[in-house]
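Worksheet for the structure shown next.
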Amino acid sequence: MRGNFGKTTALVMALTATASMAHAEDVEVLHWWTSGGEAAALNVLKQDLAAKDIGWKDMPVAGGGGEAAMTVLRARVTSGNPPTAVQMLGFDITDWAKQGVLANLDSVAKEGNWDAVVPTALQKFSKYDGHWVAAPVDVHSTNWVWANKKVLDGLGIAQPKTWDEFVAALQKVKDAGKVALAMGGQPWQESTMFDGVVLSTGGPDFYKKAFIDLDPEALGSDTMVEAFKRMETLHSFVDPNFSGRDWNLASAMVIKGDAAFQMMGDWAKGEFLRAKMVPGTDFMCFRTPGTAGDVTFNSDQFAMFKVKNPAAQAAQDEMAKAIMSPGFQSSFNVVKGSVPARTDVSDAAFDACGKMAMQQLKDAAANGTLLGSMAHGHADVASVKNAIYDVVTANFNGEYDAKQAAAELVKAVALAQ
């Protein structure tokens, strides 16, 4: 009897230890991918890790720009209990790295030869003080327009190539009684539009001077005044109920044919694909008119936070490896609407918009016109980005006219630095 009791006790202890190890090997992931297309893309990573017997604790925080997720993260880090991995953008990664709370991924990066396959522009944010602290999962670009082809064909509208042609197309849709421009009145959405508007108004050199160099003359220039005037023009084409609308609901308006155009980053393509729409047949994708050859980019990365035990670190390393594998980079980005964060991935599985985006990214990188997105934290630190947000939103909602907005932009950026 005693022998059986001893065996039973040993078995219970073994099972308990095994359960504890399995629990320790879960990864807790904080992210804001909550739309249908985004969730479908994220499921690719969940399934990849499940095949490696790594559990996934989901921490979704709605909000397309990630502001709400960062608020949750600050609370978790302050309490001494950070998640394993956090979806993060640009300078936000650098800010957390400065606090000494991110894990060192150098051994995983060396094994996967990340230095050779990740574009230098992305490594600026994936590394801190020469060490890898984040794994880039995709490259998005923000200066895109999405259009319902059936709506445009019905009105005899061809793809606009210039800004004036774009405005004329918007007016034609409005005159026909439809919503011309679908959008949501949220600061990050308005600023995403502003990325393309400023680039179309002043070109890549002006964009760099204004948003990357933060040149006061550029920020307050007549060119910037014109950019704000263009935002006012765009405002005249949105519907009265735009305020507070989530970006994916604006995409749905275009998908359903309730609206003709949306100016949004290429994550919007995931919504069109999920609705079984085919690029070139059902919807159109093109750069903001006036920005052909230029790309404003942002890259979703998973910043890895320091974990306390070897099993958890091993699971974290496996997650980083999975993210950077060529197979995952292809399958994830095909679903997400973005392009791979490594340059050696084939475009064979990508649709027409994806193939075009991959080629444009390479060309822009070679030509020096691959520029960090202001709206998505790849041009400036968060304080400056948020200061620009405030001015753009004030202008778009009629608080400042174009001339006032340019003047306020100079002041806001100076105070935020």
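Each chain in the structure tokens gets a letter, A, B, ..., in the order shown, and its residues are numbered from 1; ligands are numbered from 1 in order too.
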
Which of stretch 11-134 of chain A fall in helix (DSSP H, G or I), as an MDAnalysis selection string | chainID A and resid 11:24 36:50 67:78 91:98 106:112 114:117 120:126

Residues near A:Val339, cut-off 6 Å, only C-alpha atoms, skip fewer than 5 positions along chain, as a PyMOL selection string | chain A and resi 138-139+333

Keeping only N, CA and C atoms, take the residues you just selected and write them out as an mmCIF file, in the first residue's frame.
```
data_model
loop_
_atom_site.group_PDB
_atom_site.id
_atom_site.type_symbol
_atom_site.label_atom_id
_atom_site.label_comp_id
_atom_site.auth_asym_id
_atom_site.auth_seq_id
_atom_site.Cartn_x
_atom_site.Cartn_y
_atom_site.Cartn_z
ATOM 1 N N ASP A 138 6.767 42.614 -40.205
ATOM 2 C CA ASP A 138 6.261 43.079 -41.496
ATOM 3 C C ASP A 138 6.813 44.458 -41.813
ATOM 4 N N VAL A 139 6.570 44.898 -43.029
ATOM 5 C CA VAL A 139 6.772 46.294 -43.395
ATOM 6 C C VAL A 139 5.478 46.784 -44.027
ATOM 7 N N ASN A 333 2.357 37.870 -44.074
ATOM 8 C CA ASN A 333 2.185 39.123 -44.802
ATOM 9 C C ASN A 333 1.217 39.007 -45.964
#
```

Neighbours of A:Val108 within 10 Å (only C-alpha atoms; same-chain residues fewer than 2 positions away dropped), as a PDB file with C-alpha atoms, in the first residue's frame?
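Result saved to around39.pdb:
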```pdb
ATOM      1  CA  ASN A 104      18.729  40.492 -25.807  1.00  0.00           C
ATOM      2  CA  LEU A 105      18.004  38.537 -29.009  1.00  0.00           C
ATOM      3  CA  ASP A 106      21.547  38.556 -30.405  1.00  0.00           C
ATOM      4  CA  LYS A 110      23.047  35.506 -35.305  1.00  0.00           C
ATOM      5  CA  GLU A 111      21.654  32.022 -35.881  1.00  0.00           C
ATOM      6  CA  GLY A 112      19.083  33.419 -38.323  1.00  0.00           C
ATOM      7  CA  ASN A 113      21.512  35.836 -40.036  1.00  0.00           C
ATOM      8  CA  TRP A 114      19.128  38.741 -39.411  1.00  0.00           C
ATOM      9  CA  TRP A 132      18.731  43.045 -31.238  1.00  0.00           C
ATOM     10  CA  ALA A 135      11.800  40.901 -34.228  1.00  0.00           C
ATOM     11  CA  ASP A 317      13.437  32.708 -28.485  1.00  0.00           C
ATOM     12  CA  GLU A 318      11.273  30.226 -30.398  1.00  0.00           C
ATOM     13  CA  ALA A 320      11.416  35.255 -32.356  1.00  0.00           C
ATOM     14  CA  LYS A 321      12.685  32.478 -34.644  1.00  0.00           C
ATOM     15  CA  MET A 324      11.684  35.704 -38.704  1.00  0.00           C
TER      16      MET A 324
END
```

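Proximity of A:Lys52, A:Val118, A:Thr233, A:Asn367 to A:Gln329, computed with only C-alpha atoms, is greatest for A:Val118.
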
Could you give me, as JSON lines, a per-residue list for stretch 210-300 of chain A showing, wherever an atom lies at most 10 Å from an atom of stretch 81-102 of chain A, the closest pair of atoms and their distance in Å to one decimal, using only C-alpha atoms and sorting by chain then residue number from low to high?
```
{"residue": "A:Asn298", "atom": "CA", "partner": "A:Leu89", "partner_atom": "CA", "distance": 7.1}
{"residue": "A:Ser299", "atom": "CA", "partner": "A:Leu89", "partner_atom": "CA", "distance": 6.3}
{"residue": "A:Asp300", "atom": "CA", "partner": "A:Leu89", "partner_atom": "CA", "distance": 5.6}
```

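The closest residue to A:Ala382, picked from A:Phe194, A:Ala275, A:Gly66, A:Ser107 and counting only C-alpha atoms, is A:Gly66.
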
Fewer than 5 positions away in the same chain doesn't count, so skip those; otherwise give me all residues within 12 Å of A:Glu67, counting only C-alpha atoms, as a list in words.
-> His31, Trp32, Val61, Ala62, Val72, Leu73, Arg74, Gln87, Met88, Leu89, Asp92, Gln186, Pro187, Trp188, His376, Gly377, Ala382, Lys385 and Asn386 of chain A

Would you mind exporting the chosen residues as a PDB file, in the first residue's frame, restricted to C-alpha atoms?
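Writing the result to out.pdb gives the following:
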```pdb
ATOM      1  CA  HIS A  31      -1.088  43.554 -29.345  1.00  0.00           C
ATOM      2  CA  TRP A  32      -3.761  45.681 -31.009  1.00  0.00           C
ATOM      3  CA  VAL A  61      -6.152  45.878 -26.775  1.00  0.00           C
ATOM      4  CA  ALA A  62      -8.305  47.523 -29.432  1.00  0.00           C
ATOM      5  CA  VAL A  72      -1.764  48.920 -20.694  1.00  0.00           C
ATOM      6  CA  LEU A  73       1.907  48.071 -21.165  1.00  0.00           C
ATOM      7  CA  ARG A  74       3.084  50.903 -18.924  1.00  0.00           C
ATOM      8  CA  GLN A  87       3.599  44.561 -30.724  1.00  0.00           C
ATOM      9  CA  MET A  88       5.413  47.853 -31.042  1.00  0.00           C
ATOM     10  CA  LEU A  89       6.326  50.545 -33.545  1.00  0.00           C
ATOM     11  CA  ASP A  92       8.465  53.200 -28.924  1.00  0.00           C
ATOM     12  CA  GLN A 186      -9.177  59.576 -34.925  1.00  0.00           C
ATOM     13  CA  PRO A 187      -5.841  61.457 -34.638  1.00  0.00           C
ATOM     14  CA  TRP A 188      -3.742  58.569 -35.930  1.00  0.00           C
ATOM     15  CA  HIS A 376       3.291  55.649 -37.070  1.00  0.00           C
ATOM     16  CA  GLY A 377       6.297  56.570 -34.998  1.00  0.00           C
ATOM     17  CA  ALA A 382       6.408  59.866 -29.434  1.00  0.00           C
ATOM     18  CA  LYS A 385       4.534  62.616 -33.102  1.00  0.00           C
ATOM     19  CA  ASN A 386       1.764  63.372 -30.636  1.00  0.00           C
TER      20      ASN A 386
END
```

Name the residues in contact with A:Glu190 at a cut-off of 9 Å, using only C-alpha atoms, excluding same-chain residues fewer than 3 positions from it; report them as a PDB file with all heavy atoms, in the first residue's frame.
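This went into result.pdb:
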```pdb
ATOM      1  N   MET A 183     -13.392  57.418 -43.895  1.00  0.00           N
ATOM      2  CA  MET A 183     -12.321  57.526 -42.897  1.00  0.00           C
ATOM      3  C   MET A 183     -12.934  57.561 -41.509  1.00  0.00           C
ATOM      4  O   MET A 183     -14.153  57.675 -41.338  1.00  0.00           O
ATOM      5  CB  MET A 183     -11.461  58.761 -43.129  1.00  0.00           C
ATOM      6  CG  MET A 183     -12.122  60.077 -42.756  1.00  0.00           C
ATOM      7  SD  MET A 183     -10.893  61.388 -42.497  1.00  0.00           S
ATOM      8  CE  MET A 183     -10.016  60.784 -41.045  1.00  0.00           C
ATOM      9  N   GLY A 184     -12.075  57.450 -40.515  1.00  0.00           N
ATOM     10  CA  GLY A 184     -12.494  57.581 -39.131  1.00  0.00           C
ATOM     11  C   GLY A 184     -11.809  58.778 -38.511  1.00  0.00           C
ATOM     12  O   GLY A 184     -10.605  58.989 -38.708  1.00  0.00           O
ATOM     13  N   GLY A 185     -12.558  59.553 -37.782  1.00  0.00           N
ATOM     14  CA  GLY A 185     -12.010  60.744 -37.154  1.00  0.00           C
ATOM     15  C   GLY A 185     -11.256  60.423 -35.884  1.00  0.00           C
ATOM     16  O   GLY A 185     -11.711  60.682 -34.775  1.00  0.00           O
ATOM     17  N   GLN A 186     -10.084  59.857 -36.041  1.00  0.00           N
ATOM     18  CA  GLN A 186      -9.177  59.576 -34.925  1.00  0.00           C
ATOM     19  C   GLN A 186      -7.824  60.187 -35.280  1.00  0.00           C
ATOM     20  O   GLN A 186      -7.419  60.163 -36.461  1.00  0.00           O
ATOM     21  CB  GLN A 186      -9.044  58.067 -34.706  1.00  0.00           C
ATOM     22  CG  GLN A 186     -10.355  57.401 -34.311  1.00  0.00           C
ATOM     23  CD  GLN A 186     -10.275  55.884 -34.313  1.00  0.00           C
ATOM     24  OE1 GLN A 186      -9.407  55.284 -34.950  1.00  0.00           O
ATOM     25  NE2 GLN A 186     -11.204  55.240 -33.619  1.00  0.00           N
ATOM     26  N   PRO A 187      -7.095  60.753 -34.319  1.00  0.00           N
ATOM     27  CA  PRO A 187      -5.841  61.457 -34.638  1.00  0.00           C
ATOM     28  C   PRO A 187      -4.861  60.650 -35.482  1.00  0.00           C
ATOM     29  O   PRO A 187      -4.252  61.175 -36.410  1.00  0.00           O
ATOM     30  CB  PRO A 187      -5.276  61.785 -33.252  1.00  0.00           C
ATOM     31  CG  PRO A 187      -6.481  61.944 -32.391  1.00  0.00           C
ATOM     32  CD  PRO A 187      -7.450  60.896 -32.883  1.00  0.00           C
ATOM     33  N   MET A 193      -3.297  59.924 -43.148  1.00  0.00           N
ATOM     34  CA  MET A 193      -3.599  60.646 -44.386  1.00  0.00           C
ATOM     35  C   MET A 193      -2.577  61.754 -44.634  1.00  0.00           C
ATOM     36  O   MET A 193      -2.137  61.971 -45.761  1.00  0.00           O
ATOM     37  CB  MET A 193      -5.006  61.241 -44.315  1.00  0.00           C
ATOM     38  CG  MET A 193      -6.128  60.218 -44.373  1.00  0.00           C
ATOM     39  SD  MET A 193      -7.760  60.941 -44.030  1.00  0.00           S
ATOM     40  CE  MET A 193      -7.828  62.250 -45.223  1.00  0.00           C
ATOM     41  N   PHE A 194      -2.189  62.420 -43.556  1.00  0.00           N
ATOM     42  CA  PHE A 194      -1.268  63.562 -43.666  1.00  0.00           C
ATOM     43  C   PHE A 194       0.101  63.121 -44.177  1.00  0.00           C
ATOM     44  O   PHE A 194       0.771  63.880 -44.883  1.00  0.00           O
ATOM     45  CB  PHE A 194      -1.151  64.247 -42.306  1.00  0.00           C
ATOM     46  CG  PHE A 194      -0.645  65.664 -42.365  1.00  0.00           C
ATOM     47  CD1 PHE A 194      -1.231  66.601 -43.213  1.00  0.00           C
ATOM     48  CD2 PHE A 194       0.396  66.075 -41.556  1.00  0.00           C
ATOM     49  CE1 PHE A 194      -0.782  67.913 -43.253  1.00  0.00           C
ATOM     50  CE2 PHE A 194       0.851  67.383 -41.580  1.00  0.00           C
ATOM     51  CZ  PHE A 194       0.263  68.313 -42.435  1.00  0.00           C
ATOM     52  N   ASP A 195       0.544  61.907 -43.820  1.00  0.00           N
ATOM     53  CA  ASP A 195       1.791  61.361 -44.385  1.00  0.00           C
ATOM     54  C   ASP A 195       1.793  61.515 -45.911  1.00  0.00           C
ATOM     55  O   ASP A 195       2.722  62.075 -46.499  1.00  0.00           O
ATOM     56  CB  ASP A 195       1.922  59.869 -44.057  1.00  0.00           C
ATOM     57  CG  ASP A 195       2.647  59.583 -42.755  1.00  0.00           C
ATOM     58  OD1 ASP A 195       3.190  60.518 -42.140  1.00  0.00           O
ATOM     59  OD2 ASP A 195       2.655  58.409 -42.343  1.00  0.00           O
ATOM     60  N   MET A 231      -5.720  68.950 -46.712  1.00  0.00           N
ATOM     61  CA  MET A 231      -6.466  68.222 -45.693  1.00  0.00           C
ATOM     62  C   MET A 231      -7.877  68.796 -45.544  1.00  0.00           C
ATOM     63  O   MET A 231      -8.851  68.050 -45.370  1.00  0.00           O
ATOM     64  CB  MET A 231      -5.724  68.284 -44.354  1.00  0.00           C
ATOM     65  CG  MET A 231      -4.442  67.470 -44.318  1.00  0.00           C
ATOM     66  SD  MET A 231      -4.702  65.667 -44.442  1.00  0.00           S
ATOM     67  CE  MET A 231      -5.314  65.312 -42.797  1.00  0.00           C
ATOM     68  N   ALA A 375       3.239  59.409 -38.942  1.00  0.00           N
ATOM     69  CA  ALA A 375       2.017  59.018 -38.250  1.00  0.00           C
ATOM     70  C   ALA A 375       2.180  57.766 -37.408  1.00  0.00           C
ATOM     71  O   ALA A 375       1.439  57.554 -36.443  1.00  0.00           O
ATOM     72  CB  ALA A 375       0.889  58.820 -39.262  1.00  0.00           C
ATOM     73  N   TYR A 389       0.194  65.226 -34.210  1.00  0.00           N
ATOM     74  CA  TYR A 389      -1.185  64.723 -34.197  1.00  0.00           C
ATOM     75  C   TYR A 389      -2.169  65.822 -33.801  1.00  0.00           C
ATOM     76  O   TYR A 389      -3.216  66.008 -34.423  1.00  0.00           O
ATOM     77  CB  TYR A 389      -1.327  63.596 -33.170  1.00  0.00           C
ATOM     78  CG  TYR A 389      -1.006  62.194 -33.628  1.00  0.00           C
ATOM     79  CD1 TYR A 389      -0.236  61.939 -34.757  1.00  0.00           C
ATOM     80  CD2 TYR A 389      -1.470  61.103 -32.894  1.00  0.00           C
ATOM     81  CE1 TYR A 389       0.052  60.643 -35.133  1.00  0.00           C
ATOM     82  CE2 TYR A 389      -1.183  59.801 -33.266  1.00  0.00           C
ATOM     83  CZ  TYR A 389      -0.415  59.572 -34.391  1.00  0.00           C
ATOM     84  OH  TYR A 389      -0.135  58.290 -34.762  1.00  0.00           O
ATOM     85  N   VAL A 392      -2.649  68.447 -36.549  1.00  0.00           N
ATOM     86  CA  VAL A 392      -3.338  67.880 -37.715  1.00  0.00           C
ATOM     87  C   VAL A 392      -4.829  67.702 -37.416  1.00  0.00           C
ATOM     88  O   VAL A 392      -5.689  68.052 -38.240  1.00  0.00           O
ATOM     89  CB  VAL A 392      -2.699  66.533 -38.124  1.00  0.00           C
ATOM     90  CG1 VAL A 392      -3.533  65.846 -39.202  1.00  0.00           C
ATOM     91  CG2 VAL A 392      -1.275  66.750 -38.621  1.00  0.00           C
ATOM     92  N   THR A 393      -5.139  67.180 -36.243  1.00  0.00           N
ATOM     93  CA  THR A 393      -6.534  66.981 -35.860  1.00  0.00           C
ATOM     94  C   THR A 393      -7.273  68.310 -35.729  1.00  0.00           C
ATOM     95  O   THR A 393      -8.425  68.438 -36.163  1.00  0.00           O
ATOM     96  CB  THR A 393      -6.613  66.195 -34.538  1.00  0.00           C
ATOM     97  OG1 THR A 393      -6.116  64.871 -34.764  1.00  0.00           O
ATOM     98  CG2 THR A 393      -8.041  66.092 -34.033  1.00  0.00           C
ATOM     99  N   PHE A 396      -7.952  69.493 -39.237  1.00  0.00           N
ATOM    100  CA  PHE A 396      -8.932  68.689 -39.959  1.00  0.00           C
ATOM    101  C   PHE A 396     -10.347  68.941 -39.452  1.00  0.00           C
ATOM    102  O   PHE A 396     -11.312  68.843 -40.205  1.00  0.00           O
ATOM    103  CB  PHE A 396      -8.587  67.200 -39.839  1.00  0.00           C
ATOM    104  CG  PHE A 396      -9.304  66.336 -40.835  1.00  0.00           C
ATOM    105  CD1 PHE A 396      -8.917  66.310 -42.161  1.00  0.00           C
ATOM    106  CD2 PHE A 396     -10.378  65.552 -40.454  1.00  0.00           C
ATOM    107  CE1 PHE A 396      -9.578  65.524 -43.098  1.00  0.00           C
ATOM    108  CE2 PHE A 396     -11.045  64.753 -41.375  1.00  0.00           C
ATOM    109  CZ  PHE A 396     -10.647  64.747 -42.703  1.00  0.00           C
TER     110      PHE A 396
END
```

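The residue that comes closest to A:Glu28, out of A:Gln262, A:Met304, A:Gly372, A:Phe206 and on the basis of only C-alpha atoms, is A:Met304.
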
In stretch 41-278 of chain A, what's strand (DSSP E or B) per DSSP? Answer as number ranges by chain?
-> A: 56-60, 85-89, 102, 127-128, 131-132, 134-136, 139-141, 144-148, 179-181, 185, 243, 259-263

If you count only C-alpha atoms, which residues fall within 12 Å of A:Trp33, apart from same-chain ones fewer than 2 positions away, as an NGL selection string?
-> :A and (29-31 or 35-43 or 58-66 or 68-69 or 86-88 or 248 or 267 or 270 or 300 or 336)

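Closest approach to A:Trp163 among A:Val137, A:Val117, A:Ala250, A:Ala292 is made by A:Ala292 (distances from only C-alpha atoms).
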
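Atom CA of A:Met224 to atom CA of A:Phe242 spans 24.5 Å [interatomic distance, one decimal].
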
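Atom CA of A:Thr288 lies 20.7 Å from atom CA of A:Asp258.
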
Might you pull out every residue within 8 Å of A:Ser251, with only C-alpha atoms counted and same-chain residues fewer than 2 positions away left off, and present them as a PyMOL selection string?
-> chain A and resi 182-183+247-249+253-255+262+268+271-272

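With only C-alpha atoms as the basis for measurement, A:Pro289 is the residue among A:Asp347, A:Pro289, A:Pro340, A:Glu217 that approaches A:Lys161 most closely.
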